[in-house]
Every structure is written in structure tokens, then in C-alpha cells.
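Have a look at work.cif below; it lists mmCIF, C-alpha atoms.
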data_start
#
loop_
_atom_site.label_atom_id
_atom_site.label_comp_id
_atom_site.auth_asym_id
_atom_site.auth_seq_id
_atom_site.Cartn_x
_atom_site.Cartn_y
_atom_site.Cartn_z
CA MET A 257 42.14 69.81 106.41
CA LEU A 258 41.73 69.64 110.20
CA ILE A 259 39.19 72.46 110.36
CA ASN A 260 37.40 71.15 107.26
CA THR A 261 36.96 67.77 108.94
CA VAL A 262 35.63 69.37 112.14
CA ILE A 263 33.13 71.46 110.14
CA LEU A 264 32.06 68.37 108.19
CA PHE A 265 31.31 66.60 111.47
CA LEU A 266 29.31 69.57 112.76
CA ARG A 267 27.27 69.73 109.56
CA ASP A 268 26.72 66.03 108.88
CA ALA A 269 27.38 63.98 112.03
CA LEU A 270 25.50 66.25 114.43
CA PRO A 271 22.11 65.79 112.67
CA ILE A 272 22.51 62.00 112.90
CA LEU A 273 23.42 62.13 116.60
CA VAL A 274 20.58 64.53 117.44
CA LEU A 275 17.99 62.21 115.87
CA VAL A 276 19.53 59.18 117.61
CA VAL A 277 19.44 60.96 121.00
CA TYR A 278 15.82 62.07 120.62
CA LEU A 279 14.65 58.61 119.56
CA TYR A 280 16.80 56.93 122.23
CA VAL A 281 15.05 58.98 124.91
CA HIS A 282 11.63 58.68 123.29
CA LEU A 283 11.54 54.89 122.93
CA PRO A 284 11.17 52.78 126.05
CA ALA A 285 13.26 49.76 127.15
CA SER A 286 15.32 47.88 124.51
CA LYS A 287 18.11 49.77 122.81
CA LEU A 288 19.18 46.91 120.57
CA TRP A 289 17.43 48.59 117.61
CA LEU A 290 20.14 51.24 117.64
CA VAL A 291 22.92 48.75 116.86
CA TRP A 292 20.91 47.19 114.04
CA CYS A 293 19.96 50.50 112.47
CA PHE A 294 23.57 51.73 112.58
CA LEU A 295 24.64 48.56 110.76
CA ALA A 296 21.77 48.85 108.25
CA GLY A 297 22.45 52.57 107.76
CA ALA A 298 26.17 51.98 107.15
CA LEU A 299 25.39 49.23 104.64
CA LEU A 300 22.75 51.36 102.85
CA SER A 301 25.20 54.31 102.72
CA LEU A 302 27.83 52.14 101.06
CA ILE A 303 25.29 50.86 98.50
CA TYR A 304 24.07 54.42 97.89
CA ILE A 305 27.60 55.76 97.32
CA ASN A 306 28.45 52.78 95.12
CA GLN A 307 25.43 53.56 92.91
CA ILE A 308 25.50 57.36 93.19
CA HIS A 309 26.65 57.91 89.60
CA VAL A 310 23.76 55.78 88.35
CA ILE A 311 21.27 57.51 90.67
CA GLY A 312 22.65 60.87 89.55
CA GLN A 313 21.61 60.10 85.95
CA TRP A 314 17.98 59.41 86.87
CA PHE A 315 15.30 61.97 85.96
CA ASP A 316 17.57 63.92 83.65
CA GLY A 317 20.38 64.33 86.19
CA LYS A 318 18.13 65.16 89.14
CA GLY A 319 18.33 61.74 90.80
CA ILE A 320 20.59 62.61 93.75
CA GLU A 321 18.57 65.67 94.80
CA LEU A 322 15.28 63.82 94.39
CA SER A 323 16.45 60.77 96.34
CA LEU A 324 17.82 62.91 99.20
CA TRP A 325 14.66 64.99 99.40
CA LEU A 326 12.42 61.93 99.27
CA SER A 327 14.39 60.31 102.09
CA GLN A 328 13.82 63.45 104.22
CA LEU A 329 10.13 63.36 103.35
CA LEU A 330 9.96 59.69 104.37
CA VAL A 331 11.66 60.48 107.71
CA TYR A 332 9.06 63.20 108.28
CA MET A 333 6.18 60.79 107.47
CA LEU A 334 7.62 58.19 109.85
CA THR A 335 7.60 60.82 112.61
CA LEU A 336 3.86 61.13 112.06
CA VAL A 337 3.48 57.35 112.39
CA ILE A 338 5.29 57.54 115.76
CA ALA A 339 2.76 60.17 116.88
CA TYR A 340 -0.11 57.95 115.72
CA GLU A 341 1.31 55.12 117.83
CA LEU A 342 1.48 57.52 120.79
CA CYS A 343 -2.22 58.32 120.32
CA ARG A 344 -3.01 54.63 120.44
CA ALA A 345 -1.88 54.38 124.05
CA HIS A 346 -2.93 50.72 124.34
CA SER A 347 -1.18 49.59 121.19
CA SER A 348 -0.10 45.98 121.60
CA ASN A 349 2.65 45.99 118.99
CA LYS A 350 5.48 48.16 120.34
CA HIS A 351 8.00 46.54 117.99
CA ILE A 352 6.72 48.67 115.12
CA LEU A 353 8.13 51.75 116.90
CA TYR A 354 11.61 50.23 116.88
CA TRP A 355 11.31 49.46 113.17
CA ILE A 356 10.18 53.01 112.45
CA ALA A 357 12.97 54.54 114.56
CA GLY A 358 15.50 52.22 112.91
CA LEU A 359 14.34 53.22 109.43
CA MET A 360 14.48 56.91 110.35
CA VAL A 361 18.06 56.65 111.61
CA SER A 362 19.12 54.49 108.65
CA LEU A 363 17.71 56.99 106.10
CA THR A 364 19.40 59.88 107.91
CA LEU A 365 22.65 57.93 107.95
CA VAL A 366 22.39 57.46 104.17
CA SER A 367 21.67 61.11 103.41
CA LYS A 368 24.20 62.61 105.85
CA GLY A 369 26.71 59.78 106.22
CA SER A 370 27.33 59.46 102.49
CA ASN A 371 29.12 62.85 102.63
CA PHE A 372 31.71 61.31 104.97
CA ILE A 373 32.37 58.43 102.60
CA ILE A 374 32.87 60.86 99.67
CA TYR A 375 35.17 63.06 101.76
CA PHE A 376 37.28 60.30 103.28
CA GLU A 377 37.48 58.36 100.03
CA GLY A 378 38.64 61.48 98.19
CA TYR A 379 41.13 62.89 100.66
CA LEU A 380 42.49 60.07 102.85
CA ASN A 381 44.93 58.96 100.15
CA GLN A 382 46.42 62.45 99.84
CA ASN A 383 49.89 63.08 101.23
CA ASN A 384 50.01 64.38 104.82
CA ALA A 385 46.21 64.32 105.05
CA ILE A 386 45.75 61.33 107.36
CA GLN A 387 47.07 63.06 110.49
CA SER A 388 44.90 66.17 110.07
CA ILE A 389 41.82 64.14 109.11
CA LEU A 390 42.21 61.84 112.13
CA LEU A 391 42.73 64.77 114.48
CA GLY A 392 39.75 66.57 112.92
CA THR A 393 37.68 63.41 113.32
CA PHE A 394 38.48 63.18 117.04
CA LEU A 395 37.79 66.88 117.59
CA GLY A 396 34.59 66.85 115.51
CA LEU A 397 33.31 63.69 117.16
CA GLY A 398 34.18 65.12 120.59
CA ILE A 399 32.20 68.30 119.96
CA CYS A 400 29.24 66.39 118.49
CA LEU A 401 29.19 63.84 121.33
CA SER A 402 29.36 66.60 123.97
CA LEU A 403 26.39 68.34 122.38
CA ALA A 404 24.57 65.02 122.06
CA ILE A 405 25.04 64.29 125.79
CA LEU A 406 23.69 67.74 126.71
CA LEU A 407 20.71 67.20 124.43
CA TYR A 408 20.16 63.75 125.92
CA LEU A 409 19.98 65.21 129.43
CA ALA A 410 17.64 67.99 128.29
CA ALA A 411 15.37 65.57 126.38
CA HIS A 412 15.34 63.13 129.30
CA TRP A 413 14.37 65.90 131.72
CA LEU A 414 11.62 67.07 129.35
CA LYS A 415 10.23 63.54 129.02
CA GLN A 416 10.14 63.10 132.80
CA ARG A 417 8.41 66.45 133.31
CA LEU A 418 6.02 66.51 130.35
CA GLY A 419 5.77 62.94 129.06
CA PRO A 420 6.53 61.29 125.70
CA TRP A 421 4.76 63.98 123.66
CA ALA A 422 7.55 66.39 124.62
CA THR A 423 10.25 64.20 123.05
CA TRP A 424 8.04 63.59 120.01
CA LEU A 425 7.74 67.38 119.65
CA LEU A 426 11.55 67.62 119.65
CA VAL A 427 11.67 65.00 116.88
CA LEU A 428 8.98 66.90 114.94
CA PHE A 429 10.94 70.17 115.17
CA TYR A 430 14.07 68.34 114.04
CA VAL A 431 12.52 66.51 111.05
CA THR A 432 10.57 69.60 109.92
CA GLY A 433 13.80 71.58 109.97
CA GLN A 434 15.59 68.92 107.94
CA LEU A 435 12.71 68.70 105.45
CA VAL A 436 12.72 72.45 104.93
CA SER A 437 16.52 72.57 104.70
CA ALA A 438 16.30 69.96 101.94
CA LEU A 439 13.84 72.04 99.89
CA PRO A 440 16.62 74.02 98.11
CA LEU A 441 17.76 70.68 96.64
CA LEU A 442 14.64 70.73 94.46
CA VAL A 443 15.17 74.40 93.61
CA GLN A 444 18.78 73.92 92.53
CA VAL A 445 17.78 71.31 89.92
CA ASP A 446 14.89 73.53 88.78
CA LEU A 447 12.13 71.16 89.91
CA ILE A 448 10.39 73.91 91.86
CA ASP A 449 10.65 77.65 91.60
CA ALA A 450 11.10 79.09 95.08
CA SER A 451 13.93 81.58 95.22
CA ALA A 452 12.11 84.62 96.66
CA THR A 453 13.66 85.26 100.10
CA ALA A 454 11.35 85.83 103.07
CA TRP A 455 13.92 87.64 105.24
CA ASN A 456 17.66 87.86 105.83
CA SER A 457 19.05 87.50 109.34
CA GLN A 458 22.66 86.73 108.34
CA HIS A 459 23.85 89.70 110.42
CA ILE A 460 22.16 88.30 113.58
CA VAL A 461 22.90 84.56 113.38
CA SER A 462 24.66 83.47 110.22
CA ASN A 463 24.38 79.87 109.00
CA GLU A 464 28.16 79.95 108.53
CA PHE A 465 28.87 80.10 112.25
CA GLU A 466 28.54 77.55 115.05
CA PHE A 467 25.21 78.77 116.42
CA GLY A 468 23.80 78.87 112.91
CA HIS A 469 24.84 75.22 112.41
CA LEU A 470 23.41 74.20 115.77
CA PHE A 471 20.09 76.01 115.31
CA ASN A 472 19.82 74.58 111.81
CA VAL A 473 20.17 71.06 113.17
CA LEU A 474 17.82 71.57 116.12
CA PHE A 475 14.93 73.33 114.37
CA GLY A 476 15.98 74.04 110.78
CA TYR A 477 17.12 77.65 111.25
CA GLN A 478 17.87 79.41 107.96
CA ALA A 479 19.33 82.91 107.91
CA ALA A 480 17.81 83.63 104.50
CA PRO A 481 14.88 81.28 103.96
CA SER A 482 12.70 81.39 100.88
CA ILE A 483 8.98 82.13 101.20
CA ALA A 484 8.26 78.53 100.15
CA GLN A 485 10.47 77.25 102.99
CA VAL A 486 8.61 79.38 105.54
CA ILE A 487 5.21 78.15 104.29
CA VAL A 488 6.30 74.49 104.25
CA TYR A 489 7.81 74.87 107.74
CA ILE A 490 4.64 76.32 109.26
CA LEU A 491 2.37 73.77 107.56
CA ALA A 492 4.61 70.79 108.35
CA LEU A 493 4.74 71.83 111.99
CA LEU A 494 1.20 72.97 112.69
CA MET A 495 -0.83 70.48 110.65
CA PRO A 496 0.34 67.35 112.52
CA LEU A 497 0.01 69.16 115.84
CA ALA A 498 -3.63 70.02 115.07
CA ILE A 499 -4.42 66.57 113.67
CA PHE A 500 -2.89 64.62 116.56
CA TYR A 501 -4.39 66.92 119.20
CA TRP A 502 -7.82 66.30 117.66
CA LEU A 503 -7.11 62.56 117.29
CA LYS A 504 -5.97 62.28 120.90
CA LEU A 505 -9.11 64.03 122.15
CA ASN A 506 -11.28 61.88 119.93
CA LEU A 507 -9.65 58.62 121.05
CA ALA A 508 -9.82 59.68 124.70
CA SER A 509 -13.54 60.47 124.49
CA HIS A 510 -14.13 57.23 122.54
CA SER A 511 -12.36 55.11 125.18
CA GLY A 512 -14.31 57.03 127.89
CA ASN A 513 -17.60 56.12 126.22
CA THR A 514 -16.75 52.43 125.96
CA GLN A 515 -15.87 52.12 129.66
CA MET B 3 -22.92 70.15 74.76
CA ASN B 4 -19.28 69.77 73.88
CA LYS B 5 -18.53 73.47 74.33
CA PRO B 6 -17.74 73.38 78.08
CA VAL B 7 -15.52 70.37 77.45
CA ASN B 8 -13.70 72.22 74.67
CA LYS B 9 -13.16 75.21 76.96
CA VAL B 10 -11.72 72.99 79.67
CA VAL B 11 -9.42 71.29 77.15
CA ALA B 12 -8.32 74.67 75.77
CA CYS B 13 -7.64 76.00 79.28
CA ALA B 14 -5.71 72.85 80.18
CA ALA B 15 -3.64 73.12 76.99
CA LEU B 16 -2.93 76.80 77.68
CA SER B 17 -1.93 76.08 81.29
CA PHE B 18 0.27 73.20 80.16
CA GLY B 19 1.90 75.46 77.57
CA LEU B 20 2.59 78.16 80.17
CA PHE B 21 3.91 75.52 82.58
CA CYS B 22 6.20 74.11 79.88
CA HIS B 23 7.36 77.61 79.03
CA ALA B 24 8.20 78.23 82.69
CA VAL B 25 9.99 74.92 83.04
CA TRP B 26 11.83 74.77 79.75
CA ALA B 27 12.35 78.46 79.08
CA ASP B 28 15.89 79.28 77.92
CA VAL B 29 18.24 79.80 80.83
CA THR B 30 21.66 81.37 80.38
CA GLU B 31 24.56 79.07 81.25
CA TYR B 32 27.70 80.15 83.08
CA ASN B 33 30.69 77.80 83.05
CA VAL B 34 32.98 77.54 86.05
CA GLN B 35 36.06 75.35 86.30
CA LEU B 36 37.46 73.88 89.47
CA LYS B 37 41.17 73.11 89.22
CA ASP B 38 43.76 72.74 91.99
CA HIS B 39 40.93 73.51 94.44
CA LEU B 40 40.38 76.95 92.88
CA PHE B 41 37.26 78.18 91.10
CA PHE B 42 37.85 79.86 87.76
CA PRO B 43 36.44 82.40 87.24
CA SER B 44 36.06 83.09 90.92
CA ARG B 45 33.76 86.08 90.28
CA ILE B 46 30.71 85.39 88.17
CA THR B 47 28.57 88.33 87.15
CA ILE B 48 24.95 87.53 86.41
CA PRO B 49 21.89 89.70 85.72
CA ALA B 50 19.44 90.51 88.50
CA ASN B 51 15.99 88.90 88.63
CA GLN B 52 16.90 86.11 86.23
CA LYS B 53 17.32 82.42 86.74
CA VAL B 54 20.70 81.19 85.47
CA LYS B 55 22.47 77.84 85.30
CA LEU B 56 25.96 77.34 86.69
CA VAL B 57 27.83 74.47 85.06
CA ILE B 58 30.75 73.51 87.28
CA ASP B 59 33.49 71.35 85.85
CA ASN B 60 35.62 69.66 88.51
CA GLN B 61 38.98 68.99 86.85
CA ASP B 62 40.61 67.81 90.08
CA ASN B 63 41.10 64.17 91.01
CA THR B 64 39.29 64.74 94.30
CA PRO B 65 35.60 65.42 94.95
CA GLU B 66 34.37 68.82 96.07
CA GLU B 67 31.12 70.13 97.46
CA PHE B 68 29.86 73.40 96.02
CA ASP B 69 28.36 75.25 98.95
CA SER B 70 26.78 78.64 99.50
CA PHE B 71 24.84 79.86 102.51
CA SER B 72 23.65 83.04 100.84
CA LEU B 73 22.56 81.23 97.67
CA ASN B 74 21.21 78.30 99.69
CA ARG B 75 22.90 75.74 97.45
CA GLU B 76 24.85 72.55 98.19
CA LYS B 77 26.01 69.94 95.66
CA VAL B 78 28.74 67.35 95.55
CA ILE B 79 30.90 67.42 92.41
CA PHE B 80 32.74 64.16 91.91
CA ALA B 81 36.29 64.08 90.59
CA ASN B 82 36.50 64.88 86.85
CA ARG B 83 32.74 65.42 86.55
CA LYS B 84 30.42 68.28 85.66
CA VAL B 85 27.30 69.36 87.53
CA SER B 86 24.61 71.95 86.91
CA ILE B 87 23.06 74.17 89.56
CA PHE B 88 20.25 76.64 88.96
CA ILE B 89 20.42 79.92 90.88
CA GLY B 90 18.21 82.99 90.93
CA PRO B 91 16.21 85.09 90.35
CA LEU B 92 18.39 87.16 92.70
CA LYS B 93 18.46 90.73 93.91
CA PRO B 94 21.58 92.81 93.10
CA GLY B 95 24.44 92.10 95.49
CA GLU B 96 27.29 89.71 96.18
CA TYR B 97 26.73 86.06 97.07
CA ASP B 98 29.69 84.02 98.33
CA PHE B 99 30.25 80.39 97.49
CA PHE B 100 32.98 77.93 98.48
CA GLY B 101 34.13 74.34 98.24
CA GLU B 102 33.20 72.64 101.50
CA TYR B 103 36.18 70.28 101.38
CA ASN B 104 38.70 73.07 100.63
CA PRO B 105 37.11 76.26 101.95
CA ASN B 106 40.43 78.13 102.26
CA THR B 107 41.23 78.00 98.57
CA ALA B 108 38.05 77.12 96.70
CA ARG B 109 36.14 80.38 97.12
CA GLY B 110 34.20 82.63 94.80
CA LYS B 111 31.43 85.18 94.44
CA VAL B 112 28.33 85.49 92.35
CA ILE B 113 27.88 89.19 91.60
CA VAL B 114 24.35 90.10 90.68
CA VAL B 115 23.93 93.36 88.78
CA HIS B 116 21.06 95.17 87.13
CA GLN B 117 21.10 94.49 83.43
CA LYS B 118 21.84 97.59 81.39
CA GLN B 119 18.83 98.72 79.41
CA GLU B 120 19.37 98.71 75.69
CA ALA B 121 19.75 102.17 74.22
CA PRO B 122 16.68 103.24 72.22
CA ASP B 123 17.04 102.88 68.49
CA ALA B 124 18.09 106.21 67.01
CA ASN B 125 16.39 105.47 63.71
#
This entry written out as C-alpha cells:
Amino acid sequence: MLINTVILFLRDALPILVLVVYLYVHLPASKLWLVWCFLAGALLSLIYINQIHVIGQWFDGKGIELSLWLSQLLVYMLTLVIAYELCRAHSSNKHILYWIAGLMVSLTLVSKGSNFIIYFEGYLNQNNAIQSILLGTFLGLGICLSLAILLYLAAHWLKQRLGPWATWLLVLFYVTGQLVSALPLLVQVDLIDASATAWNSQHIVSNEFEFGHLFNVLFGYQAAPSIAQVIVYILALLMPLAIFYWLKLNLASHSGNTQ
Amino acid sequence: MNKPVNKVVACAALSFGLFCHAVWADVTEYNVQLKDHLFFPSRITIPANQKVKLVIDNQDNTPEEFDSFSLNREKVIFANRKVSIFIGPLKPGEYDFFGEYNPNTARGKVIVVHQKQEAPDAN
């Protein structure tokens, strides 16, 4: 039970912490949004778990997979809105960024945090489980927090050296990875047909081991991705980069002309 | 004048039919039980290059998460509930799966084999 709890933290708490760290570094000044979005995320997770049997019946039993995938898609779209706000360098309304970041963290808390509620609700009342679960929680949280602090320092250094686009790029890599990792949810309920594997690198870095977990969280590493996952990954990464590079150039030349 | 329209309608109907066939084509079901944090059967043999449906019946009073890195599948099964997961088409080989909440006991394998060709009719 101890090891299971540690693994659960690595798989589900680490993605939440990574997103929080990236956004924490990316957004300037006030950090109050973080407290509010943790509260909102916890509340939404409880509502989601409370209604999960109802949601599960939607769309002929595909409701859970669809809702989780849509929440990942929404997080990805919100990342693009953050980039748009970065392009508009003279944007007067900075509060919208805090709302967007708050929504992103809340949605991630619902999709990842709900696993904790299911696990703790199911196993905490078992005999002799509390001690191992608590110990596993401390160990898992310790590992995740250590990694989060290292990532914070790295992201902070990158932002100082290269500016806010560097931290946005980290967020884009993260959300693209999560979006692509969520694609098998649609395959497993037969909504899309995408089982053909592009390659298999299980013997180099397996998703079962620590590095596999870490790489999966940071940039969506899959040891045996499907061809559809590879295509979605490339498109989801390159299209916004091209669009925002063009938009930034366009806005810069436009503001140059007006001066 | 209506002929191009008719062709378009016919093509659309044909495409819709093919799409429906792909979506609702018969898929073989394989039943798996989860009891006392053990999968039964723990080895499931399925044919290669075919999509199949695993129906997992959790008979325990605790939830479990069906998880497989090689199959790329992950689904929570609530206590005393059934879930369906589609897998395949797969190449021949062995694909491990496990229960994320009890990975030491809840373990199994999907074994994918080439389907034997039917013997030609002697008559």
C-alpha cells in the first residue's frame, strides 16, 4: 500500500504541481490566484466524484473518458489564450491571465485529483491501511515537492535569461503532452480508431519506471505511442508556435507603423 | 440537373454506411473478473489484428484502476461495477496489465496470437 501510494502521487500529483510551478513562474506579481484555484479545484473534484456515476452513463457509457479528454483540450486552448495575451504586450487587463491560470489548475485538479479521492475513499477504511497510506503520502509528496522546487528554479532561470515566452513554451510542452496522453481515453471507448503504434522504446525508457513517469509529465513521453498521438503531438506543438510567431511579428510591425 | 445531387447523396449514404459499419461492427467480448484483487482469468488470449472488448467485472468492495502501459489503457472500475475497454488491433505478443491500486496482486497478460486459418473444405 505504501509503494502504491507513492506511485499514485508520482502519476497524479506531479502533473498538478508541474503546471502550478510553470504558471507560478510565468505570471507576475500576485499569487493569491493560486489559493483560490486550489479551493475551486478541490470543490470541483468533489462535485465531479459525487456525480461520476451519472457522468459515466452519458454518451452510452463514454462520459468519463469524454469529460476528461475535453478538460485536457480546454487546458490546451487556455494555454493558447495565455500566448495571445503575451503577444498583446500592452494589454491593460492582466486579471484575465489569473482567471485563465486558475481555470487551468482547477481543471487539472479535477482530472488528476479525482483519482486521489477514489483511492483514499476506497482504501482508507481498510484495516492496517492508514499507516502505510499516510507514510506513502509523505514520501510521495516529498518526492513531488522536491521535483517541483527543482523545476521552479529551472523555470525561473529560463524566464530571467529568455523572457516569458520561455516559460510559456514549458507550459505548451506540458499541456501538449497531457493532451496526447489523454488521446487513448477516446480509443479505449471506441470513439476513435488509433491503435497502430508508431514505435516502441520500452527497452530504452519504459513508462513504468521513474524516468518514464517524469518525462511523461514534462513533455508527454510515451514509450509506445500510436501514429495518431505522434501526429496530434507535432500539430499541437508546431501550429501555435507558427501562429504566435507570425502574430508577434505582425503586431510588432503594426505598432512600429503607428509610432 | 438532379443527377449530381443524387450522386452526392449516394456517396454520402455509402460513406455513412461504411462509417457505421466501422463503428458498430461486431466486436468479440472477453469477460474478466476482479475478485480479492486478482484478475480471473489472468491470461487472456485474443486474435491478432482484431479489435476486441474487455468487460471487467469488479466484484470487490474497493475500487481498482485497470492500467496497462503496453496497451496504453487506463480506467477506474468502481466497487461492484462493470466497465468495458476496447483494445486492439494488436500485433502478436504479450501485453501486461495490472490494477494500479493493487499492483502486486492484480496482474495479468493479454496474449495476442495469430488466428488459426480454417482448414480448407475437403468436399
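Reported to one decimal place, the separation of atom CA of Gly110 of chain B from atom CA of Tyr32 of chain B is 13.6 Å.
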Exercise for review: Would you give me, as a VMD selection string, the residues of chain A that come within 6 Å of chain B, using all atoms listed in the file?
Suggested key: chain A and resid 378 444 to 445
Selection under test: the PyMOL selection byres ((chain A and resi 463) around 8); residues as a PDB file with C-alpha atoms, keeping the file's coordinate frame:
ATOM      1  CA  GLN A 458      22.660  86.730 108.340  1.00  0.00           C
ATOM      2  CA  VAL A 461      22.900  84.560 113.380  1.00  0.00           C
ATOM      3  CA  SER A 462      24.660  83.470 110.220  1.00  0.00           C
ATOM      4  CA  GLU A 464      28.160  79.950 108.530  1.00  0.00           C
ATOM      5  CA  PHE A 465      28.870  80.100 112.250  1.00  0.00           C
ATOM      6  CA  GLU A 466      28.540  77.550 115.050  1.00  0.00           C
ATOM      7  CA  PHE A 467      25.210  78.770 116.420  1.00  0.00           C
ATOM      8  CA  GLY A 468      23.800  78.870 112.910  1.00  0.00           C
ATOM      9  CA  HIS A 469      24.840  75.220 112.410  1.00  0.00           C
ATOM     10  CA  ASN A 472      19.820  74.580 111.810  1.00  0.00           C
ATOM     11  CA  TYR A 477      17.120  77.650 111.250  1.00  0.00           C
ATOM     12  CA  GLN A 478      17.870  79.410 107.960  1.00  0.00           C
ATOM     13  CA  ALA A 479      19.330  82.910 107.910  1.00  0.00           C
TER      14      ALA A 479
ATOM     15  CA  PHE B  71      24.840  79.860 102.510  1.00  0.00           C
TER      16      PHE B  71
END
Check your understanding: Distance atom CA of Tyr375 of chain A-atom CA of Pro481 of chain A, one decimal place?
Key -> 27.4 Å
Study note, to complete from the structure: Expressed in Å, the length from atom CA of Ile448 of chain A to atom CA of Ile303 of chain A is 28.2 Å
Check your understanding: Expanded to explicit residues, what is the PyMOL selection byres ((chain B and resi 35-44) around 6) for this file, as an NGL selection string?
Key -> :B and (34 or 45 or 58-62 or 107-108 or 110)
Practice item. Apply the PyMOL selection byres ((chain A and resi 436) around 9) to the displayed file and report the matching residues as number ranges by chain. Key: A: 431-435, 437-440, 476, 484-486, 488-489, 492
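Using only C-alpha atoms for every distance, the candidate list A:Arg344, A:His351, A:His309, A:His510 yields A:His309 as the residue closest to Arg83 of chain B.
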Exercise for review: Would you kindly identify which residues have an atom no farther than 10 Å from (12.9, 64.6, 100.0), using all atoms listed in the file and the file's own coordinates, and write them out as a VMD selection string?
Suggested key: chain A and resid 321 to 332 434 to 439 441 to 442
Please, could you write that set of residues out with C-alpha atoms as a JSON list (two decimals), keeping the file's coordinate frame?
[["chain", "number", "residue", "atom", "x", "y", "z"],
["A", 321, "GLU", "CA", 18.57, 65.67, 94.80],
["A", 322, "LEU", "CA", 15.28, 63.82, 94.39],
["A", 323, "SER", "CA", 16.45, 60.77, 96.34],
["A", 324, "LEU", "CA", 17.82, 62.91, 99.20],
["A", 325, "TRP", "CA", 14.66, 64.99, 99.40],
["A", 326, "LEU", "CA", 12.42, 61.93, 99.27],
["A", 327, "SER", "CA", 14.39, 60.31, 102.09],
["A", 328, "GLN", "CA", 13.82, 63.45, 104.22],
["A", 329, "LEU", "CA", 10.13, 63.36, 103.35],
["A", 330, "LEU", "CA", 9.96, 59.69, 104.37],
["A", 331, "VAL", "CA", 11.66, 60.48, 107.71],
["A", 332, "TYR", "CA", 9.06, 63.20, 108.28],
["A", 434, "GLN", "CA", 15.59, 68.92, 107.94],
["A", 435, "LEU", "CA", 12.71, 68.70, 105.45],
["A", 436, "VAL", "CA", 12.72, 72.45, 104.93],
["A", 437, "SER", "CA", 16.52, 72.57, 104.70],
["A", 438, "ALA", "CA", 16.30, 69.96, 101.94],
["A", 439, "LEU", "CA", 13.84, 72.04, 99.89],
["A", 441, "LEU", "CA", 17.76, 70.68, 96.64],
["A", 442, "LEU", "CA", 14.64, 70.73, 94.46]]
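Residue nearest Asp98 of chain B, chosen from B:Ile48, B:Lys111, B:Lys84, B:Gln117 and counting only C-alpha atoms: B:Lys111.
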